[in-house]
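S.K.: Sharing structure_21.pdb here; it has PDB, C-alpha atoms.
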ATOM      1  CA  LYS T 289     -77.115  -3.766 103.223  1.00  0.00           C
ATOM      2  CA  LEU T 290     -80.060  -1.386 103.154  1.00  0.00           C
ATOM      3  CA  GLY T 291     -83.372  -2.571 104.504  1.00  0.00           C
ATOM      4  CA  PRO T 292     -86.863  -1.217 103.901  1.00  0.00           C
ATOM      5  CA  ALA T 293     -87.464   2.327 105.069  1.00  0.00           C
ATOM      6  CA  LYS T 294     -89.289   2.576 108.373  1.00  0.00           C
ATOM      7  CA  LEU T 295     -91.066   5.862 107.780  1.00  0.00           C
ATOM      8  CA  GLY T 296     -94.315   4.949 109.480  1.00  0.00           C
ATOM      9  CA  ASP T 297     -96.565   7.937 110.006  1.00  0.00           C
ATOM     10  CA  ALA T 298     -94.059  10.606 108.912  1.00  0.00           C
ATOM     11  CA  PRO T 299     -96.250  13.480 107.619  1.00  0.00           C
ATOM     12  CA  VAL T 300     -93.933  14.441 104.732  1.00  0.00           C
ATOM     13  CA  TYR T 301     -93.746  10.835 103.503  1.00  0.00           C
ATOM     14  CA  LEU T 302     -97.532  10.481 103.780  1.00  0.00           C
ATOM     15  CA  TYR T 303     -98.083  13.749 101.877  1.00  0.00           C
ATOM     16  CA  VAL T 304     -95.709  12.806  99.032  1.00  0.00           C
ATOM     17  CA  THR T 305     -97.383   9.389  98.800  1.00  0.00           C
ATOM     18  CA  TYR T 306    -100.788  11.112  98.784  1.00  0.00           C
ATOM     19  CA  VAL T 307     -99.802  13.435  95.920  1.00  0.00           C
ATOM     20  CA  LEU T 308     -98.277  10.613  93.867  1.00  0.00           C
ATOM     21  CA  THR T 309    -101.328   8.436  94.435  1.00  0.00           C
ATOM     22  CA  ALA T 310    -103.835  11.185  93.677  1.00  0.00           C
ATOM     23  CA  TYR T 311    -101.988  12.728  90.722  1.00  0.00           C
ATOM     24  CA  GLY T 312    -100.008   9.766  89.368  1.00  0.00           C
ATOM     25  CA  GLY T 313    -101.518  10.191  85.913  1.00  0.00           C
ATOM     26  CA  GLY T 314    -100.741  13.894  85.902  1.00  0.00           C
ATOM     27  CA  VAL T 315     -97.174  13.128  86.947  1.00  0.00           C
ATOM     28  CA  LEU T 316     -96.463  10.404  84.378  1.00  0.00           C
ATOM     29  CA  CYS T 317     -98.570  11.316  81.321  1.00  0.00           C
ATOM     30  CA  PRO T 318     -96.878  14.584  80.384  1.00  0.00           C
ATOM     31  CA  LEU T 319     -93.434  12.943  80.309  1.00  0.00           C
ATOM     32  CA  PRO T 320     -93.800  11.021  76.996  1.00  0.00           C
ATOM     33  CA  LEU T 321     -95.391  14.164  75.534  1.00  0.00           C
ATOM     34  CA  GLY T 322     -92.290  16.196  76.368  1.00  0.00           C
ATOM     35  CA  LYS T 323     -93.953  18.272  79.091  1.00  0.00           C
ATOM     36  CA  SER T 324     -93.418  18.650  82.809  1.00  0.00           C
ATOM     37  CA  PRO T 325     -95.599  16.873  85.423  1.00  0.00           C
ATOM     38  CA  LYS T 326     -98.833  18.765  86.061  1.00  0.00           C
ATOM     39  CA  PRO T 327     -98.403  19.117  89.857  1.00  0.00           C
ATOM     40  CA  LEU T 328     -95.135  20.962  89.173  1.00  0.00           C
ATOM     41  CA  GLU T 329     -96.718  23.380  86.687  1.00  0.00           C
ATOM     42  CA  SER T 330     -99.180  24.870  89.130  1.00  0.00           C
ATOM     43  CA  ASP T 331     -98.809  25.821  92.764  1.00  0.00           C
ATOM     44  CA  THR T 332    -102.580  25.542  93.063  1.00  0.00           C
ATOM     45  CA  ILE T 333    -102.493  21.736  92.697  1.00  0.00           C
ATOM     46  CA  LEU T 334     -99.976  21.267  95.504  1.00  0.00           C
ATOM     47  CA  VAL T 335    -101.594  23.841  97.806  1.00  0.00           C
ATOM     48  CA  LEU T 336    -105.108  22.412  97.347  1.00  0.00           C
ATOM     49  CA  SER T 337    -103.849  18.845  97.746  1.00  0.00           C
ATOM     50  CA  PHE T 338    -102.055  19.892 100.948  1.00  0.00           C
ATOM     51  CA  ILE T 339    -105.293  21.420 102.280  1.00  0.00           C
ATOM     52  CA  ALA T 340    -107.200  18.235 101.363  1.00  0.00           C
ATOM     53  CA  PHE T 341    -104.469  16.119 102.971  1.00  0.00           C
ATOM     54  CA  ILE T 342    -104.742  18.079 106.246  1.00  0.00           C
ATOM     55  CA  LEU T 343    -108.561  17.995 106.167  1.00  0.00           C
ATOM     56  CA  PHE T 344    -108.701  14.219 105.667  1.00  0.00           C
ATOM     57  CA  THR T 345    -105.766  13.081 107.792  1.00  0.00           C
ATOM     58  CA  ARG T 346    -105.648  15.549 110.671  1.00  0.00           C
ATOM     59  CA  LEU T 347    -109.035  17.259 111.012  1.00  0.00           C
ATOM     60  CA  GLY T 348    -111.526  14.420 110.553  1.00  0.00           C
ATOM     61  CA  PHE T 349    -113.123  15.710 107.337  1.00  0.00           C
ATOM     62  CA  LYS T 350    -113.642  12.092 106.288  1.00  0.00           C
ATOM     63  CA  ALA T 351    -116.712  11.921 108.549  1.00  0.00           C
ATOM     64  CA  ILE T 352    -118.247  14.879 106.691  1.00  0.00           C
ATOM     65  CA  TYR T 353    -117.154  13.485 103.311  1.00  0.00           C
ATOM     66  CA  ASN T 354    -118.915  10.189 104.055  1.00  0.00           C
ATOM     67  CA  PHE T 355    -122.197  12.059 104.586  1.00  0.00           C
ATOM     68  CA  LEU T 356    -124.211  10.835 101.588  1.00  0.00           C
ATOM     69  CA  PRO T 357    -124.896  14.101  99.664  1.00  0.00           C
ATOM     70  CA  VAL T 358    -121.300  15.284 100.096  1.00  0.00           C
ATOM     71  CA  HIS T 359    -119.972  11.861  99.109  1.00  0.00           C
ATOM     72  CA  LEU T 360    -122.144  11.764  95.969  1.00  0.00           C
ATOM     73  CA  ILE T 361    -120.892  15.187  94.903  1.00  0.00           C
ATOM     74  CA  GLY T 362    -117.339  14.019  95.548  1.00  0.00           C
ATOM     75  CA  LEU T 363    -117.863  10.875  93.435  1.00  0.00           C
ATOM     76  CA  VAL T 364    -119.235  12.874  90.512  1.00  0.00           C
ATOM     77  CA  LEU T 365    -116.386  15.408  90.674  1.00  0.00           C
ATOM     78  CA  GLU T 366    -113.739  12.701  91.013  1.00  0.00           C
ATOM     79  CA  ASN T 367    -115.088  10.748  88.047  1.00  0.00           C
ATOM     80  CA  SER T 368    -115.534  13.902  85.953  1.00  0.00           C
ATOM     81  CA  PHE T 369    -111.882  14.683  86.586  1.00  0.00           C
ATOM     82  CA  LYS T 370    -110.895  11.109  85.662  1.00  0.00           C
ATOM     83  CA  GLY T 371    -112.889  11.116  82.401  1.00  0.00           C
ATOM     84  CA  GLY T 372    -111.536  14.534  81.502  1.00  0.00           C
ATOM     85  CA  LEU T 373    -107.961  13.411  82.086  1.00  0.00           C
ATOM     86  CA  ILE T 374    -108.365  10.373  79.860  1.00  0.00           C
ATOM     87  CA  ALA T 375    -109.874  12.464  77.047  1.00  0.00           C
ATOM     88  CA  THR T 376    -107.336  15.286  77.373  1.00  0.00           C
ATOM     89  CA  PHE T 377    -104.227  13.122  77.534  1.00  0.00           C
ATOM     90  CA  PHE T 378    -105.450  10.680  74.868  1.00  0.00           C
ATOM     91  CA  THR T 379    -106.078  13.582  72.469  1.00  0.00           C
ATOM     92  CA  ALA T 380    -102.709  15.191  73.270  1.00  0.00           C
ATOM     93  CA  ALA T 381    -100.880  11.880  72.855  1.00  0.00           C
ATOM     94  CA  LYS T 382    -102.655  11.137  69.562  1.00  0.00           C
ATOM     95  CA  SER T 383    -101.454  14.410  68.035  1.00  0.00           C
ATOM     96  CA  SER T 384     -98.013  14.296  69.654  1.00  0.00           C
ATOM     97  CA  LEU T 385     -96.999  10.640  69.403  1.00  0.00           C
ATOM     98  CA  GLY T 386     -98.640   9.681  66.119  1.00  0.00           C
ATOM     99  CA  THR T 387     -98.992   6.021  67.105  1.00  0.00           C
ATOM    100  CA  MET T 388    -102.041   3.943  67.916  1.00  0.00           C
ATOM    101  CA  LEU T 389    -100.926   2.236  71.130  1.00  0.00           C
ATOM    102  CA  GLY T 390     -99.196   5.272  72.646  1.00  0.00           C
ATOM    103  CA  PRO T 391    -102.419   7.266  73.198  1.00  0.00           C
ATOM    104  CA  LEU T 392    -104.117   4.199  74.703  1.00  0.00           C
ATOM    105  CA  ILE T 393    -101.274   3.774  77.191  1.00  0.00           C
ATOM    106  CA  VAL T 394    -101.152   7.491  78.024  1.00  0.00           C
ATOM    107  CA  GLY T 395    -104.961   7.633  78.394  1.00  0.00           C
ATOM    108  CA  THR T 396    -104.911   4.593  80.664  1.00  0.00           C
ATOM    109  CA  VAL T 397    -102.189   6.026  82.894  1.00  0.00           C
ATOM    110  CA  ALA T 398    -104.036   9.364  83.016  1.00  0.00           C
ATOM    111  CA  GLY T 399    -107.194   7.748  84.330  1.00  0.00           C
ATOM    112  CA  CYS T 400    -105.780   5.374  86.903  1.00  0.00           C
ATOM    113  CA  GLY T 401    -103.980   7.891  89.088  1.00  0.00           C
ATOM    114  CA  GLY T 402    -101.295   6.401  91.273  1.00  0.00           C
ATOM    115  CA  ALA T 403    -102.341   2.771  90.771  1.00  0.00           C
ATOM    116  CA  VAL T 404     -99.823   2.506  87.954  1.00  0.00           C
ATOM    117  CA  ILE T 405     -96.983   4.081  89.958  1.00  0.00           C
ATOM    118  CA  TRP T 406     -96.927   1.389  92.604  1.00  0.00           C
ATOM    119  CA  GLY T 407     -96.727  -1.267  89.883  1.00  0.00           C
ATOM    120  CA  PRO T 408     -97.118  -5.017  90.241  1.00  0.00           C
ATOM    121  CA  SER T 409     -95.819  -4.981  93.814  1.00  0.00           C
ATOM    122  CA  GLY T 410     -99.009  -3.140  94.791  1.00  0.00           C
ATOM    123  CA  TRP T 411    -101.268  -5.488  92.843  1.00  0.00           C
ATOM    124  CA  GLY T 412    -103.424  -7.883  94.780  1.00  0.00           C
ATOM    125  CA  LYS T 413    -104.069 -11.556  94.304  1.00  0.00           C
ATOM    126  CA  ASP T 414    -106.677 -10.706  91.661  1.00  0.00           C
ATOM    127  CA  GLY T 415    -104.071  -9.262  89.281  1.00  0.00           C
ATOM    128  CA  CYS T 416    -104.439  -5.907  87.587  1.00  0.00           C
ATOM    129  CA  PRO T 417    -105.982  -3.280  89.902  1.00  0.00           C
ATOM    130  CA  LYS T 418    -109.461  -2.081  88.957  1.00  0.00           C
ATOM    131  CA  PRO T 419    -108.383   1.565  88.354  1.00  0.00           C
ATOM    132  CA  ILE T 420    -105.948   0.429  85.655  1.00  0.00           C
ATOM    133  CA  TRP T 421    -108.398  -1.981  84.055  1.00  0.00           C
ATOM    134  CA  SER T 422    -111.299   0.522  84.011  1.00  0.00           C
ATOM    135  CA  SER T 423    -109.052   3.284  82.653  1.00  0.00           C
ATOM    136  CA  LEU T 424    -107.813   1.004  79.870  1.00  0.00           C
ATOM    137  CA  MET T 425    -111.400   0.150  78.912  1.00  0.00           C
ATOM    138  CA  ALA T 426    -112.350   3.853  78.994  1.00  0.00           C
ATOM    139  CA  ALA T 427    -109.348   4.836  76.843  1.00  0.00           C
ATOM    140  CA  LEU T 428    -110.240   2.082  74.385  1.00  0.00           C
ATOM    141  CA  PHE T 429    -113.872   3.252  74.325  1.00  0.00           C
ATOM    142  CA  PHE T 430    -112.719   6.837  73.762  1.00  0.00           C
ATOM    143  CA  ALA T 431    -110.429   5.740  70.913  1.00  0.00           C
ATOM    144  CA  LEU T 432    -113.082   3.631  69.189  1.00  0.00           C
ATOM    145  CA  SER T 433    -115.838   6.213  69.589  1.00  0.00           C
ATOM    146  CA  THR T 434    -113.952   9.362  68.576  1.00  0.00           C
ATOM    147  CA  ASP T 435    -111.071   8.425  66.266  1.00  0.00           C
ATOM    148  CA  PRO T 436    -111.716   7.006  62.781  1.00  0.00           C
ATOM    149  CA  SER T 437    -108.228   5.450  62.586  1.00  0.00           C
ATOM    150  CA  TYR T 438    -109.199   3.069  65.397  1.00  0.00           C
ATOM    151  CA  THR T 439    -112.649   2.214  64.049  1.00  0.00           C
ATOM    152  CA  ALA T 440    -111.117   1.364  60.644  1.00  0.00           C
ATOM    153  CA  LEU T 441    -109.755  -1.772  62.354  1.00  0.00           C
ATOM    154  CA  LEU T 442    -113.246  -3.004  63.209  1.00  0.00           C
ATOM    155  CA  PRO T 443    -115.217  -5.290  60.897  1.00  0.00           C
ATOM    156  CA  ILE T 444    -118.357  -3.187  61.460  1.00  0.00           C
ATOM    157  CA  SER T 445    -119.260   0.422  60.825  1.00  0.00           C
ATOM    158  CA  VAL T 446    -119.252   2.585  63.959  1.00  0.00           C
ATOM    159  CA  SER T 447    -120.687   6.097  64.259  1.00  0.00           C
ATOM    160  CA  GLN T 448    -118.239   8.607  65.670  1.00  0.00           C
ATOM    161  CA  LEU T 449    -119.031  10.610  68.806  1.00  0.00           C
ATOM    162  CA  THR T 450    -117.755  14.047  69.645  1.00  0.00           C
ATOM    163  CA  THR T 451    -115.018  14.117  72.272  1.00  0.00           C
ATOM    164  CA  ASP T 452    -117.439  15.852  74.657  1.00  0.00           C
ATOM    165  CA  ASP T 453    -120.101  13.152  74.210  1.00  0.00           C
ATOM    166  CA  ALA T 454    -117.546  10.363  74.688  1.00  0.00           C
ATOM    167  CA  THR T 455    -116.169  12.089  77.810  1.00  0.00           C
ATOM    168  CA  VAL T 456    -119.662  12.436  79.310  1.00  0.00           C
ATOM    169  CA  MET T 457    -120.314   8.741  78.634  1.00  0.00           C
ATOM    170  CA  MET T 458    -117.042   7.812  80.377  1.00  0.00           C
ATOM    171  CA  VAL T 459    -117.909   9.996  83.370  1.00  0.00           C
ATOM    172  CA  LEU T 460    -121.366   8.424  83.629  1.00  0.00           C
ATOM    173  CA  ALA T 461    -119.891   4.908  83.433  1.00  0.00           C
ATOM    174  CA  PHE T 462    -117.231   5.679  86.068  1.00  0.00           C
ATOM    175  CA  THR T 463    -119.796   7.296  88.370  1.00  0.00           C
ATOM    176  CA  ALA T 464    -122.277   4.413  87.970  1.00  0.00           C
ATOM    177  CA  ASP T 465    -119.499   1.927  88.747  1.00  0.00           C
ATOM    178  CA  ALA T 466    -118.446   3.906  91.834  1.00  0.00           C
ATOM    179  CA  LEU T 467    -122.054   4.090  93.062  1.00  0.00           C
ATOM    180  CA  LYS T 468    -122.493   0.365  92.460  1.00  0.00           C
ATOM    181  CA  GLY T 469    -119.404  -0.322  94.543  1.00  0.00           C
ATOM    182  CA  LYS T 470    -120.632   2.000  97.265  1.00  0.00           C
ATOM    183  CA  PHE T 471    -124.199   0.730  97.589  1.00  0.00           C
ATOM    184  CA  MET T 472    -124.237  -2.823  96.245  1.00  0.00           C
ATOM    185  CA  LYS T 473    -122.370  -5.478  98.137  1.00  0.00           C
ATOM    186  CA  PRO T 474    -121.224  -8.552  96.197  1.00  0.00           C
ATOM    187  CA  ALA T 475    -123.402 -11.629  96.575  1.00  0.00           C
ATOM    188  CA  PRO T 476    -121.974 -14.329  98.826  1.00  0.00           C
ATOM    189  CA  SER T 477    -120.234 -17.160  97.037  1.00  0.00           C
ATOM    190  CA  LYS T 478    -122.360 -20.284  96.605  1.00  0.00           C
ATOM    191  CA  SER T 479    -119.481 -22.615  95.885  1.00  0.00           C
ATOM    192  CA  LYS T 480    -119.301 -25.731  98.016  1.00  0.00           C
ATOM    193  CA  THR T 481    -116.139 -27.236  99.364  1.00  0.00           C
ATOM    194  CA  LEU T 482    -115.700 -30.960  98.754  1.00  0.00           C
TER     195      LEU T 482
END
Can the structure from this file be put into structure tokens for me?

M.R.:
Amino acid sequence: KLGPAKLGDAPVYLYVTYVLTAYGGGVLCPLPLGKSPKPLESDTILVLSFIAFILFTRLGFKAIYNFLPVHLIGLVLENSFKGGLIATFFTAAKSSLGTMLGPLIVGTVAGCGGAVIWGPSGWGKDGCPKPIWSSLMAALFFALSTDPSYTALLPISVSQLTTDDATVMMVLAFTADALKGKFMKPAPSKSKTL
């Protein structure tokens, strides 16, 4: 009988986990579209992620990254990348799959990175991880704001946005949410125990 792997701090295992976590959307989203995973299409992705992995895990770059101006730039870039992935993969899935739910699923997976790869076993007591939930809401927003076939289902008239405008709005929402999480601590619970 095989037991759980005891890999611990093995650098290769940690690097593979890092790539799958960071680029989970880019690994999974191309598959239903009949394309290869993005990290396998470009050596640049794997080389740059290896450099980032070494900087953060072996050379203490995290201390520099947590310096406020650097961290803010990192948050904006990370959320720009996330919004761009949702828009790009949603649009590709809409033209390739021809369904309504398919692009929403692909857009959601694109935006949540590796949170979807680890599945329910990685989910906490609160249920669906925030990256999946926020990516689903962003994909739904993108669908409703840019695609008339989705807004036809609504009982009200909705003005359409350009894909660029909708992407910028997603990036701003993701960045504002990340900043809120960084600087605003949740209020203590006021519930009383009987």

S.K.: Just the residues within 12 Å of Asp465 in chain T, please, counting only C-alpha atoms, with nothing from its chain fewer than 6 positions along; format it as a ChimeraX atom specification.

M.R.: /T:363-364,367,418-419,422,458-459,471-472

S.K.: List the neighbours of Pro299 in chain T out to 10 Å using all atoms listed in the file; skip same-chain residues closer than 5 positions along the sequence, and give me the result as a list in words.

M.R.: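 Surrounding residues, per the criterion: Val304, Thr305, Phe341, Ile342 and Thr345 of chain T.
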
S.K.: Between T:Thr463, T:Ser384, T:Thr450, T:Thr396, which is the closest to Gly322 in chain T once you count all atoms listed in the file?

M.R.: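 Checking each candidate against Gly322 in chain T, we get T:Ser384 as the closest.
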
S.K.: Considering only C-alpha atoms, can you say which of T:Leu467, T:Ala431, T:Ile374, T:Leu321 comes closest to Leu356 in chain T?

M.R.: T:Leu467

S.K.: What are the closest atom pairs, with distances in Å to one decimal, for each residue of range 343-414 of chain T lying within 12 Å of range 436-442 of chain T, using only C-alpha atoms, rows by chain and rising residue number, as JSON lines?

M.R.:
{"residue": "T:Lys382", "atom": "CA", "partner": "T:Ser437", "partner_atom": "CA", "distance": 10.6}
{"residue": "T:Gly386", "atom": "CA", "partner": "T:Ser437", "partner_atom": "CA", "distance": 11.1}
{"residue": "T:Thr387", "atom": "CA", "partner": "T:Ser437", "partner_atom": "CA", "distance": 10.3}
{"residue": "T:Met388", "atom": "CA", "partner": "T:Tyr438", "partner_atom": "CA", "distance": 7.6}
{"residue": "T:Leu389", "atom": "CA", "partner": "T:Tyr438", "partner_atom": "CA", "distance": 10.1}
{"residue": "T:Pro391", "atom": "CA", "partner": "T:Tyr438", "partner_atom": "CA", "distance": 11.2}
{"residue": "T:Leu392", "atom": "CA", "partner": "T:Tyr438", "partner_atom": "CA", "distance": 10.7}

S.K.: For the residues in that selection, give me C-alpha atoms as an mmCIF file, keeping the file's coordinate frame.

M.R.:
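Generated file (part-v6.cif):
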data_model
loop_
_atom_site.group_PDB
_atom_site.id
_atom_site.type_symbol
_atom_site.label_atom_id
_atom_site.label_comp_id
_atom_site.auth_asym_id
_atom_site.auth_seq_id
_atom_site.Cartn_x
_atom_site.Cartn_y
_atom_site.Cartn_z
ATOM 1 C CA LYS T 382 -102.655 11.137 69.562
ATOM 2 C CA GLY T 386 -98.640 9.681 66.119
ATOM 3 C CA THR T 387 -98.992 6.021 67.105
ATOM 4 C CA MET T 388 -102.041 3.943 67.916
ATOM 5 C CA LEU T 389 -100.926 2.236 71.130
ATOM 6 C CA PRO T 391 -102.419 7.266 73.198
ATOM 7 C CA LEU T 392 -104.117 4.199 74.703
#
